[in-house]
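What follows is upload.cif (mmCIF, C-alpha atoms).
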```
data_run
#
loop_
_atom_site.label_atom_id
_atom_site.label_comp_id
_atom_site.auth_asym_id
_atom_site.auth_seq_id
_atom_site.Cartn_x
_atom_site.Cartn_y
_atom_site.Cartn_z
CA MET A 34 149.08 44.00 95.23
CA LEU A 35 147.95 40.39 94.84
CA TYR A 36 150.20 39.51 97.75
CA THR A 37 148.67 42.33 99.78
CA VAL A 38 145.19 41.04 99.06
CA ARG A 39 146.11 37.56 100.27
CA GLU A 40 147.86 39.02 103.29
CA ARG A 41 144.76 40.97 104.19
CA THR A 42 142.18 38.26 103.51
CA LYS A 43 140.92 38.20 107.08
CA GLU A 44 140.58 41.95 107.17
CA ILE A 45 138.56 41.88 103.95
CA GLY A 46 136.33 39.18 105.44
CA THR A 47 135.78 41.28 108.56
CA LEU A 48 134.92 44.39 106.57
CA LYS A 49 132.42 42.41 104.56
CA ALA A 50 130.89 40.83 107.65
CA ILE A 51 130.34 44.26 109.19
CA GLY A 52 128.59 45.50 106.08
CA PHE A 53 131.07 46.72 103.50
CA SER A 54 129.95 46.12 99.91
CA ASN A 55 132.07 44.65 97.13
CA LEU A 56 132.29 48.14 95.65
CA ASN A 57 133.55 49.57 98.97
CA ILE A 58 136.30 46.96 99.12
CA MET A 59 137.24 47.37 95.48
CA SER A 60 137.48 51.17 95.70
CA GLN A 61 139.51 50.93 98.90
CA PHE A 62 142.12 48.79 97.15
CA MET A 63 142.06 50.93 94.00
CA LEU A 64 142.63 54.04 96.06
CA GLU A 65 145.57 52.42 97.83
CA GLY A 66 147.04 51.26 94.51
CA VAL A 67 146.77 54.73 92.98
CA ILE A 68 148.25 56.47 96.02
CA LEU A 69 151.08 53.94 96.14
CA SER A 70 151.92 54.43 92.46
CA LEU A 71 151.69 58.21 92.81
CA ILE A 72 154.23 58.07 95.64
CA ALA A 73 156.42 55.82 93.49
CA GLY A 74 156.05 58.27 90.62
CA VAL A 75 157.08 61.23 92.78
CA VAL A 76 160.11 59.34 94.05
CA GLY A 77 161.00 58.38 90.49
CA VAL A 78 160.75 61.97 89.27
CA ALA A 79 162.81 63.20 92.21
CA ILE A 80 165.54 60.71 91.39
CA GLY A 81 165.25 61.75 87.75
CA VAL A 82 165.71 65.43 88.58
CA VAL A 83 168.90 64.67 90.43
CA ALA A 84 170.25 61.99 88.12
CA ALA A 85 169.26 63.29 84.68
CA PRO A 86 171.85 66.09 84.41
CA ALA A 87 174.57 63.80 85.63
CA LEU A 88 173.57 60.93 83.35
CA SER A 89 173.04 63.08 80.30
CA GLY A 90 176.62 64.24 80.70
CA LEU A 91 177.69 60.60 80.57
CA LEU A 92 175.43 59.47 77.78
CA LEU A 93 175.62 62.52 75.59
CA PRO A 94 179.23 63.53 75.20
CA ALA A 95 180.13 66.82 73.58
CA VAL A 96 180.09 65.32 70.09
CA ASN A 97 176.50 64.31 70.43
CA VAL A 98 175.53 67.63 71.89
CA GLY A 99 176.92 69.26 68.80
CA PHE A 100 174.97 66.86 66.63
CA ARG A 101 171.85 67.43 68.67
CA ASP A 102 172.05 71.16 68.30
CA ALA A 103 172.56 70.82 64.57
CA PHE A 104 169.59 68.50 64.37
CA ALA A 105 167.45 70.86 66.37
CA ARG A 106 168.44 73.78 64.15
CA ALA A 107 167.73 71.82 60.99
CA THR A 108 164.33 70.55 62.05
CA GLY A 109 163.29 73.52 64.14
CA THR A 110 162.42 71.27 67.09
CA VAL A 111 163.79 70.93 70.52
CA SER A 112 165.60 67.65 70.75
CA SER A 113 164.11 65.22 73.23
CA VAL A 114 167.48 63.68 73.91
CA SER A 115 168.39 66.20 76.53
CA GLY A 116 168.89 66.19 80.24
CA ILE A 117 166.41 69.01 80.71
CA ILE A 118 163.36 68.18 82.73
CA THR A 119 160.30 70.07 81.62
CA PRO A 120 156.99 70.32 83.52
CA GLU A 121 155.38 68.31 80.74
CA LEU A 122 157.84 65.51 81.24
CA VAL A 123 157.14 65.41 84.98
CA PHE A 124 153.42 65.39 84.30
CA ILE A 125 153.70 62.53 81.80
CA ALA A 126 155.88 60.52 84.17
CA LEU A 127 153.48 60.93 87.10
CA GLY A 128 150.43 60.33 84.93
CA GLY A 129 152.02 57.21 83.50
CA ALA A 130 152.89 55.90 86.94
CA VAL A 131 149.36 56.42 88.26
CA LEU A 132 147.76 54.94 85.14
CA LEU A 133 149.94 51.84 85.22
CA GLY A 134 149.44 51.56 88.97
CA ALA A 135 145.67 51.73 88.58
CA LEU A 136 145.72 49.16 85.77
CA GLY A 137 147.89 46.84 87.85
CA THR A 138 145.57 47.19 90.84
CA LEU A 139 142.37 46.42 88.95
CA TYR A 140 142.67 42.65 89.11
CA PRO A 141 143.87 42.36 92.73
CA ALA A 142 141.17 44.84 93.83
CA TRP A 143 138.53 42.86 91.98
CA ARG A 144 139.78 39.64 93.56
CA ALA A 145 139.60 41.28 96.98
CA SER A 146 136.05 42.44 96.40
CA ARG A 147 134.93 38.96 95.38
CA THR A 148 136.39 37.27 98.46
CA SER A 149 133.80 35.20 100.28
CA PRO A 150 133.53 36.68 103.79
CA MET A 151 132.89 33.28 105.27
CA GLU A 152 136.06 31.76 103.86
CA ALA A 153 138.05 34.93 104.50
CA LEU A 154 137.17 34.91 108.18
CA ARG A 155 138.37 31.35 108.55
CA TYR A 156 141.68 32.30 106.91
CA GLU A 157 144.65 32.60 109.26
CA MET B 104 105.81 45.12 115.05
CA SER B 105 106.46 41.53 115.86
CA SER B 106 108.45 40.78 118.95
CA VAL B 107 110.58 38.20 117.18
CA ALA B 108 114.07 39.35 116.26
CA LEU B 109 115.17 36.22 114.48
CA LYS B 110 113.38 33.13 113.34
CA THR B 111 114.45 30.19 111.24
CA GLU B 112 112.20 27.68 109.59
CA LYS B 113 113.45 24.21 108.70
CA LEU B 114 116.94 25.41 108.01
CA ASP B 115 119.08 22.93 106.09
CA LYS B 116 122.65 23.26 105.00
CA VAL B 117 124.30 20.56 102.98
CA TYR B 118 127.92 20.72 101.88
CA LYS B 119 129.53 18.63 99.24
CA LEU B 120 132.86 17.47 100.50
CA GLY B 121 134.82 15.46 97.97
CA GLY B 122 131.72 13.86 96.46
CA ARG B 123 130.30 13.11 99.89
CA GLN B 124 127.36 15.07 101.22
CA VAL B 125 127.74 16.53 104.67
CA ARG B 126 124.64 17.78 106.37
CA ALA B 127 125.82 20.64 108.60
CA LEU B 128 122.37 21.84 109.58
CA SER B 129 119.23 19.82 109.64
CA GLU B 130 115.78 21.32 110.05
CA VAL B 131 116.84 23.97 112.49
CA ASN B 132 113.87 25.84 113.90
CA LEU B 133 114.82 28.76 116.07
CA GLU B 134 112.88 31.63 117.48
CA ILE B 135 114.65 34.43 119.26
CA GLU B 136 112.59 37.17 120.82
CA LYS B 137 113.62 40.78 120.73
CA GLY B 138 115.62 41.62 123.82
CA ASP B 139 116.59 38.03 124.55
CA PHE B 140 120.08 36.78 125.41
CA VAL B 141 120.50 33.30 124.00
CA SER B 142 123.44 30.97 123.98
CA ILE B 143 123.84 28.14 121.52
CA MET B 144 126.13 25.43 122.76
CA GLY B 145 127.62 22.53 120.96
CA PRO B 146 130.86 20.65 120.46
CA SER B 147 133.04 21.45 117.50
CA GLY B 148 131.60 19.98 114.33
CA SER B 149 128.05 20.36 115.60
CA GLY B 150 127.26 23.03 113.03
CA LYS B 151 127.67 26.08 115.28
CA THR B 152 129.77 28.06 112.86
CA THR B 153 127.60 27.11 109.90
CA LEU B 154 124.52 28.23 111.79
CA LEU B 155 126.11 31.53 112.71
CA ASN B 156 127.26 32.10 109.14
CA VAL B 157 123.76 31.49 107.85
CA LEU B 158 122.18 33.71 110.51
CA GLY B 159 124.73 36.42 109.78
CA CYS B 160 124.09 36.45 106.00
CA LEU B 161 127.57 35.17 105.29
CA ASP B 162 126.30 31.89 103.90
CA LYS B 163 123.10 30.80 102.19
CA PRO B 164 121.16 27.84 103.56
CA THR B 165 120.42 24.97 101.20
CA GLN B 166 116.81 25.11 102.27
CA GLY B 167 114.65 26.95 104.75
CA LYS B 168 114.03 30.49 105.82
CA VAL B 169 115.85 32.96 108.00
CA ILE B 170 113.56 35.77 109.07
CA LEU B 171 115.51 38.63 110.55
CA ASP B 172 113.55 41.60 111.85
CA GLY B 173 110.57 40.58 109.74
CA VAL B 174 112.49 40.06 106.48
CA ASP B 175 113.41 36.71 104.97
CA ILE B 176 117.09 37.21 104.29
CA THR B 177 117.28 34.16 102.05
CA ASP B 178 115.24 36.20 99.56
CA VAL B 179 117.57 39.20 99.64
CA PRO B 180 119.74 39.26 96.49
CA GLU B 181 123.46 38.85 97.07
CA LYS B 182 124.27 42.39 95.99
CA ASN B 183 122.01 43.87 98.67
CA LEU B 184 123.05 41.58 101.50
CA HIS B 185 125.78 43.94 102.66
CA LYS B 186 123.08 46.40 103.72
CA THR B 187 121.43 43.74 105.85
CA ARG B 188 124.78 42.95 107.44
CA LYS B 189 125.48 46.60 108.06
CA HIS B 190 122.15 47.61 109.56
CA LYS B 191 120.64 44.48 111.06
CA ILE B 192 123.59 42.44 112.29
CA GLY B 193 126.40 43.11 114.69
CA PHE B 194 129.21 40.58 114.55
CA VAL B 195 131.63 39.89 117.38
CA PHE B 196 134.45 37.49 116.56
CA GLN B 197 136.65 35.18 118.59
CA THR B 198 139.79 36.97 117.41
CA PHE B 199 138.31 40.50 117.74
CA ASN B 200 139.22 41.35 114.12
CA LEU B 201 139.88 45.03 114.69
CA MET B 202 141.68 47.03 112.03
CA PRO B 203 145.24 47.39 113.35
CA TRP B 204 145.89 50.80 111.78
CA LEU B 205 142.79 52.39 113.30
CA ASN B 206 142.46 53.46 116.91
CA ALA B 207 139.56 52.38 119.14
CA VAL B 208 137.19 55.19 118.14
CA GLU B 209 137.93 54.79 114.44
CA ASN B 210 137.31 51.05 114.64
CA VAL B 211 133.90 51.69 116.18
CA GLU B 212 133.16 54.32 113.52
CA LEU B 213 133.89 51.93 110.66
CA PRO B 214 130.42 50.36 110.22
CA MET B 215 128.78 53.80 110.37
CA GLU B 216 130.59 54.98 107.25
CA GLY B 217 128.20 55.52 104.38
CA THR B 218 125.06 55.39 106.53
CA GLY B 219 124.19 59.03 105.89
CA LYS B 220 125.36 60.22 109.31
CA THR B 221 127.70 63.22 109.50
CA LYS B 222 131.28 62.83 110.72
CA ASP B 223 130.38 64.59 113.97
CA GLU B 224 127.39 62.33 114.61
CA ILE B 225 129.50 59.27 113.91
CA ARG B 226 132.26 60.42 116.27
CA LYS B 227 129.75 61.25 118.99
CA ARG B 228 128.08 57.85 118.71
CA ALA B 229 131.43 56.02 118.69
CA ILE B 230 132.53 57.81 121.86
CA GLU B 231 129.22 57.04 123.56
CA LEU B 232 129.56 53.38 122.62
CA LEU B 233 133.09 53.20 123.99
CA GLU B 234 131.81 54.69 127.23
CA THR B 235 129.05 52.08 127.29
CA VAL B 236 131.58 49.27 127.06
CA GLY B 237 133.77 50.95 129.69
CA LEU B 238 136.62 52.18 127.53
CA SER B 239 136.28 55.95 127.68
CA GLU B 240 139.92 56.26 128.76
CA ARG B 241 141.32 54.24 125.86
CA LYS B 242 139.68 55.95 122.90
CA GLU B 243 142.84 56.94 121.06
CA HIS B 244 144.65 53.64 121.52
CA ARG B 245 145.30 51.29 118.66
CA PRO B 246 144.44 47.61 119.06
CA GLN B 247 148.04 46.54 119.72
CA LYS B 248 148.13 48.88 122.74
CA LEU B 249 144.98 47.32 124.18
CA SER B 250 144.63 44.13 126.19
CA ALA B 251 142.65 41.23 124.72
CA GLY B 252 139.63 42.08 126.88
CA GLU B 253 139.79 45.72 125.85
CA GLN B 254 140.02 44.75 122.18
CA GLN B 255 136.92 42.63 122.54
CA ARG B 256 135.13 45.56 124.17
CA VAL B 257 135.99 47.72 121.17
CA ALA B 258 134.68 44.95 118.91
CA ILE B 259 131.44 44.84 120.89
CA ALA B 260 131.08 48.62 120.59
CA ARG B 261 131.67 48.27 116.85
CA ALA B 262 128.97 45.60 116.62
CA LEU B 263 126.48 47.94 118.30
CA ALA B 264 127.30 50.90 116.05
CA ASN B 265 124.28 50.72 113.75
CA ASN B 266 121.82 49.53 116.39
CA PRO B 267 121.50 46.04 114.90
CA ALA B 268 118.43 43.86 115.31
CA ILE B 269 120.73 41.16 116.63
CA VAL B 270 124.29 40.76 117.88
CA LEU B 271 125.93 37.50 116.83
CA ALA B 272 128.86 36.56 118.99
CA ASP B 273 131.03 33.72 117.79
CA GLU B 274 133.04 32.08 120.57
CA VAL B 275 133.85 35.58 121.81
CA THR B 276 135.58 34.43 124.96
CA GLY B 277 137.72 31.80 123.23
CA ASN B 278 140.84 33.97 123.29
CA LEU B 279 140.36 35.42 126.77
CA ASP B 280 141.55 34.34 130.21
CA GLY B 281 139.08 33.27 132.87
CA LYS B 282 138.60 36.62 134.56
CA THR B 283 138.31 38.62 131.33
CA LYS B 284 135.96 36.01 129.93
CA LEU B 285 133.49 36.63 132.73
CA GLU B 286 133.82 40.39 132.37
CA ILE B 287 132.96 40.21 128.68
CA ILE B 288 129.92 37.99 129.23
CA LYS B 289 128.78 40.29 132.04
CA LEU B 290 129.15 43.22 129.66
CA LEU B 291 126.95 41.46 127.11
CA GLY B 292 124.44 40.77 129.88
CA LYS B 293 124.49 44.42 130.88
CA LEU B 294 123.91 45.56 127.29
CA ASN B 295 121.03 43.15 127.10
CA THR B 296 119.42 44.36 130.33
CA GLU B 297 120.10 48.06 129.98
CA GLN B 298 119.72 48.59 126.26
CA GLY B 299 117.55 45.65 125.30
CA THR B 300 120.12 44.41 122.78
CA THR B 301 119.21 41.02 121.36
CA ILE B 302 122.25 38.78 121.66
CA VAL B 303 123.07 35.30 120.43
CA ILE B 304 126.32 33.78 121.58
CA VAL B 305 127.68 30.59 120.15
CA THR B 306 130.15 28.75 122.32
CA HIS B 307 131.40 25.37 123.46
CA ASP B 308 132.10 26.77 126.93
CA SER B 309 129.31 25.70 129.28
CA GLN B 310 130.19 28.32 131.88
CA VAL B 311 129.81 31.06 129.30
CA ALA B 312 126.64 29.54 127.87
CA SER B 313 125.02 29.30 131.29
CA MET B 314 125.36 33.05 131.77
CA ALA B 315 122.79 33.73 129.06
CA ASN B 316 119.05 33.75 129.62
CA ARG B 317 118.24 30.79 127.39
CA MET B 318 120.57 27.94 126.54
CA LEU B 319 120.07 25.97 123.35
CA PHE B 320 122.01 22.90 122.36
CA LEU B 321 123.19 22.02 118.91
CA SER B 322 124.24 18.50 118.07
CA ASP B 323 124.89 17.03 114.63
CA GLY B 324 123.26 20.03 112.99
CA LYS B 325 120.08 19.74 115.04
CA ILE B 326 118.77 21.94 117.81
CA LEU B 327 117.96 19.60 120.67
CA ALA B 328 114.54 19.73 122.25
CA LYS B 329 115.98 20.17 125.73
CA GLU B 330 116.48 23.77 126.58
CA LYS B 331 117.84 25.26 129.76
CA GLN B 332 117.34 28.45 131.65
CA GLY B 333 120.57 30.37 132.17
CA THR B 334 121.49 32.61 135.08
CA HIS B 335 120.85 35.86 133.21
CA GLN B 336 117.56 37.63 133.77
CA ASN B 337 116.04 39.70 131.00
CA LYS B 338 114.29 42.82 132.10
#
```
Could you write out this structure as structure tokens?
Amino acid sequence: MLYTVRERTKEIGTLKAIGFSNLNIMSQFMLEGVILSLIAGVVGVAIGVVAAPALSGLLLPAVNVGFRDAFARATGTVSSVSGIITPELVFIALGGAVLLGALGTLYPAWRASRTSPMEALRYE
Amino acid sequence: MSSVALKTEKLDKVYKLGGRQVRALSEVNLEIEKGDFVSIMGPSGSGKTTLLNVLGCLDKPTQGKVILDGVDITDVPEKNLHKTRKHKIGFVFQTFNLMPWLNAVENVELPMEGTGKTKDEIRKRAIELLETVGLSERKEHRPQKLSAGEQQRVAIARALANNPAIVLADEVTGNLDGKTKLEIIKLLGKLNTEQGTTIVIVTHDSQVASMANRMLFLSDGKILAKEKQGTHQNK
């Protein structure tokens, strides 16, 4: 994101010169950051859906599955070490991606909003 | 209602450059009437860009006043300046500075966002403006599909979007070939005559400058006393 802000310095300068406020610029970049991380999250989940069953077969051989089931029976919980993807898990993954994306965008977006239009316009 | 669009009083701008003081503007007194078409000429380093930045609320003067449409913009707090830029000033740049991912209409619509107009009103106005600058056939084209002259026309339409008190044009013909250059200046002249748009162009090109109504000369940060009449006639 920081790279993007530098890359788009001139554009930011132009937007400011034609009347965009710091808040406008900041929210524009925040929105982009959130959308970008949401897309990344969706891609990640999609890969997870495909890969999880395959990987869990590799990582959790039959022995462990037996142990897991015993553990689950003993504690009365569903073991989290499974290849099953629940709606909750998808939700947490997407939420996490967006949250981290938003956090990571805060500083670059703030930097963008503080750009001096005069210097930004001179930037090539 | 005063008939003065823009006035400066004893405008000074001093930069500190590596411990040395550089005086970019020195007691600049300007008065630009509403509906005038003025060119400011000067060699590079004469303070043209600094002057334009100060007039366009992009930079604060060290001293002096800038009265735009009756309001001293040097008194406007930084956080409100964007409103002045949006409603009172129309910028046209040497390098057009259009948003590459937006088509012509959308670029013209940009400054009208958040002005309280509806989407339909904004679209209608943008289309009218593109017709005014002679681009009604190229509305849906993105900047990279437009020629340099066409891009500058879009930029001019964008500058007019919010009916600004003044259009500030910074070396707008610097990236255009001879024929296109004249077309763009003629377009500015036409906007001035037909719509009464107040225009200030800053340039080092004497041919361009002479096509305005009034020619001012900037040298070493000072507006020279000699002033020339250009070929353009205001209504």
_Please determine, counting all atoms listed in the file, which residue among B:Thr221, B:Thr235, B:Thr198, B:Thr296 has the shortest atom-to-atom distance to chain A._
B:Thr198
For Ile51 of chain A, list every protein, DNA or RNA residue within 7 Å, evaluated using all atoms listed in the file, and leave out those in the same chain fewer than 5 positions away; present the list as a compact mmCIF listing (two decimals) with C-alpha atoms, in the frame of the given file.
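Output below, filename selection.txt:
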```txt
# COMPACT_ATOMS: atom_id res chain seq x y z
CA ARG B 188 124.78 42.95 107.44
CA LYS B 189 125.48 46.60 108.06
CA GLY B 193 126.40 43.11 114.69
CA PHE B 194 129.21 40.58 114.55
CA PRO B 214 130.42 50.36 110.22
```
Evaluate the PyMOL selection byres ((chain B) within 12 of (chain A)) on the structure here and hand back the selected residues as an mmCIF file with C-alpha atoms, in the coordinates of the input.
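As a result, result-v8.cif now contains:
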```
data_model
loop_
_atom_site.group_PDB
_atom_site.id
_atom_site.type_symbol
_atom_site.label_atom_id
_atom_site.label_comp_id
_atom_site.auth_asym_id
_atom_site.auth_seq_id
_atom_site.Cartn_x
_atom_site.Cartn_y
_atom_site.Cartn_z
ATOM 1 C CA THR B 152 129.770 28.060 112.860
ATOM 2 C CA THR B 153 127.600 27.110 109.900
ATOM 3 C CA LEU B 154 124.520 28.230 111.790
ATOM 4 C CA LEU B 155 126.110 31.530 112.710
ATOM 5 C CA ASN B 156 127.260 32.100 109.140
ATOM 6 C CA VAL B 157 123.760 31.490 107.850
ATOM 7 C CA LEU B 158 122.180 33.710 110.510
ATOM 8 C CA GLY B 159 124.730 36.420 109.780
ATOM 9 C CA CYS B 160 124.090 36.450 106.000
ATOM 10 C CA LEU B 161 127.570 35.170 105.290
ATOM 11 C CA ASP B 162 126.300 31.890 103.900
ATOM 12 C CA LYS B 163 123.100 30.800 102.190
ATOM 13 C CA GLU B 181 123.460 38.850 97.070
ATOM 14 C CA LYS B 182 124.270 42.390 95.990
ATOM 15 C CA ASN B 183 122.010 43.870 98.670
ATOM 16 C CA LEU B 184 123.050 41.580 101.500
ATOM 17 C CA HIS B 185 125.780 43.940 102.660
ATOM 18 C CA LYS B 186 123.080 46.400 103.720
ATOM 19 C CA THR B 187 121.430 43.740 105.850
ATOM 20 C CA ARG B 188 124.780 42.950 107.440
ATOM 21 C CA LYS B 189 125.480 46.600 108.060
ATOM 22 C CA HIS B 190 122.150 47.610 109.560
ATOM 23 C CA LYS B 191 120.640 44.480 111.060
ATOM 24 C CA ILE B 192 123.590 42.440 112.290
ATOM 25 C CA GLY B 193 126.400 43.110 114.690
ATOM 26 C CA PHE B 194 129.210 40.580 114.550
ATOM 27 C CA VAL B 195 131.630 39.890 117.380
ATOM 28 C CA PHE B 196 134.450 37.490 116.560
ATOM 29 C CA GLN B 197 136.650 35.180 118.590
ATOM 30 C CA THR B 198 139.790 36.970 117.410
ATOM 31 C CA PHE B 199 138.310 40.500 117.740
ATOM 32 C CA ASN B 200 139.220 41.350 114.120
ATOM 33 C CA LEU B 201 139.880 45.030 114.690
ATOM 34 C CA MET B 202 141.680 47.030 112.030
ATOM 35 C CA PRO B 203 145.240 47.390 113.350
ATOM 36 C CA TRP B 204 145.890 50.800 111.780
ATOM 37 C CA ASN B 210 137.310 51.050 114.640
ATOM 38 C CA VAL B 211 133.900 51.690 116.180
ATOM 39 C CA GLU B 212 133.160 54.320 113.520
ATOM 40 C CA LEU B 213 133.890 51.930 110.660
ATOM 41 C CA PRO B 214 130.420 50.360 110.220
ATOM 42 C CA MET B 215 128.780 53.800 110.370
ATOM 43 C CA GLU B 216 130.590 54.980 107.250
ATOM 44 C CA GLY B 217 128.200 55.520 104.380
ATOM 45 C CA THR B 218 125.060 55.390 106.530
ATOM 46 C CA ALA B 258 134.680 44.950 118.910
ATOM 47 C CA ILE B 259 131.440 44.840 120.890
ATOM 48 C CA ARG B 261 131.670 48.270 116.850
ATOM 49 C CA ALA B 262 128.970 45.600 116.620
ATOM 50 C CA LEU B 263 126.480 47.940 118.300
ATOM 51 C CA ALA B 264 127.300 50.900 116.050
ATOM 52 C CA ASN B 265 124.280 50.720 113.750
ATOM 53 C CA PRO B 267 121.500 46.040 114.900
ATOM 54 C CA VAL B 270 124.290 40.760 117.880
ATOM 55 C CA LEU B 271 125.930 37.500 116.830
ATOM 56 C CA ASP B 273 131.030 33.720 117.790
#
```
*atom CA of Asp178 of chain B and atom CA of Lys110 of chain B are how many Å apart?*
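Atom CA of Lys110 of chain B lies 14.2 Å from atom CA of Asp178 of chain B.
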_For a quick check of understanding, using only C-alpha atoms, which of A:Val76, A:Met34, A:Ile117, A:Gly128 has the smallest distance to Leu64 of chain A?_
A:Met34
*Run the PyMOL selection byres ((chain B and resi 251) around 10) mentally over the shown coordinates, then write out the matched residues as a PyMOL selection string, using the chain letters and numbers from the document.*
chain B and resi 198-199+246-250+252-257+276+278-280+283-284
*Step by step, work through what the PyMOL selection byres ((chain B and resi 165-173) around 10) selects in the shown file, and finish by giving those residues as a ChimeraX atom specification.*
/B:104-118,126,128-135,137,157-160,162-164,174-178,187,191-192,267-269
_Separation of atom CA of Ala328 of chain B from atom CA of Glu136 of chain B in Å_ = 17.6 Å
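Of the residues under consideration (B:Gln336, B:Asn266, B:Ser239, B:Ser142), B:Ser142 shows the shortest atom-to-atom contact distance to Val303 of chain B when counting all atoms listed in the file.
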*Find the distance between atom CA of Glu209 of chain B and atom CA of Gly237 of chain B and write it in Å to one decimal.*
16.3 Å
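Closest approach to Ser70 of chain A from the set A:Ala126, A:Ala153, A:Ile118, A:Ala142 is made by A:Ala126, with distances taken over all atoms listed in the file.
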*Quick one: residues within 10 Å of Leu291 of chain B, only C-alpha atoms counted, chain neighbours fewer than 2 positions away excluded, as number ranges by chain?*
B: 140, 236, 256, 259, 270, 272, 285-289, 293-297, 300-304, 314-315
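Of the residues listed (B:Ile326, B:Met144, B:Leu205, B:Arg241), B:Met144 shows the shortest atom-to-atom separation from Gln310 of chain B; distances use only C-alpha atoms.
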*asked:* Need to verify the contact set: segment 144-147 of chain A, 6 Å, all atoms listed in the file, exclusion of same-chain residues closer than 5 positions in sequence. Can you return it as a ChimeraX atom specification?
replied: /A:38,55,58-59
*Who sits within 10 Å of Leu133 of chain A, all atoms listed in the file, same chain under 4 positions skipped, as a ChimeraX atom specification*: /A:66-67,70,127-129,137-138
Deliver the residues from the most recent selection as a file, using C-alpha atoms, as a short mmCIF file (atom, residue, chain, number, x, y, z; two decimals), in the coordinates of the input.
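Output contents, as saved in again_0.cif:
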```cif
data_model
loop_
_atom_site.label_atom_id
_atom_site.label_comp_id
_atom_site.auth_asym_id
_atom_site.auth_seq_id
_atom_site.Cartn_x
_atom_site.Cartn_y
_atom_site.Cartn_z
CA GLY A 66 147.04 51.26 94.51
CA VAL A 67 146.77 54.73 92.98
CA SER A 70 151.92 54.43 92.46
CA LEU A 127 153.48 60.93 87.10
CA GLY A 128 150.43 60.33 84.93
CA GLY A 129 152.02 57.21 83.50
CA GLY A 137 147.89 46.84 87.85
CA THR A 138 145.57 47.19 90.84
#
```
So for segment 117-125 of chain A, what box centre and size do we get, axis-aligned, 6 Å extra on each of the six sides, every listed atom, Å to one decimal, as AutoDock Vina command-line options?
```
--center_x 159.9 --center_y 66.4 --center_z 82.8 --size_x 25.0 --size_y 19.8 --size_z 16.3
```
*Using all atoms listed in the file, which residue out of B:Gly150, B:Gly122, B:Gly333, B:Gly281 lies closest to Asn316 of chain B?*
B:Gly333
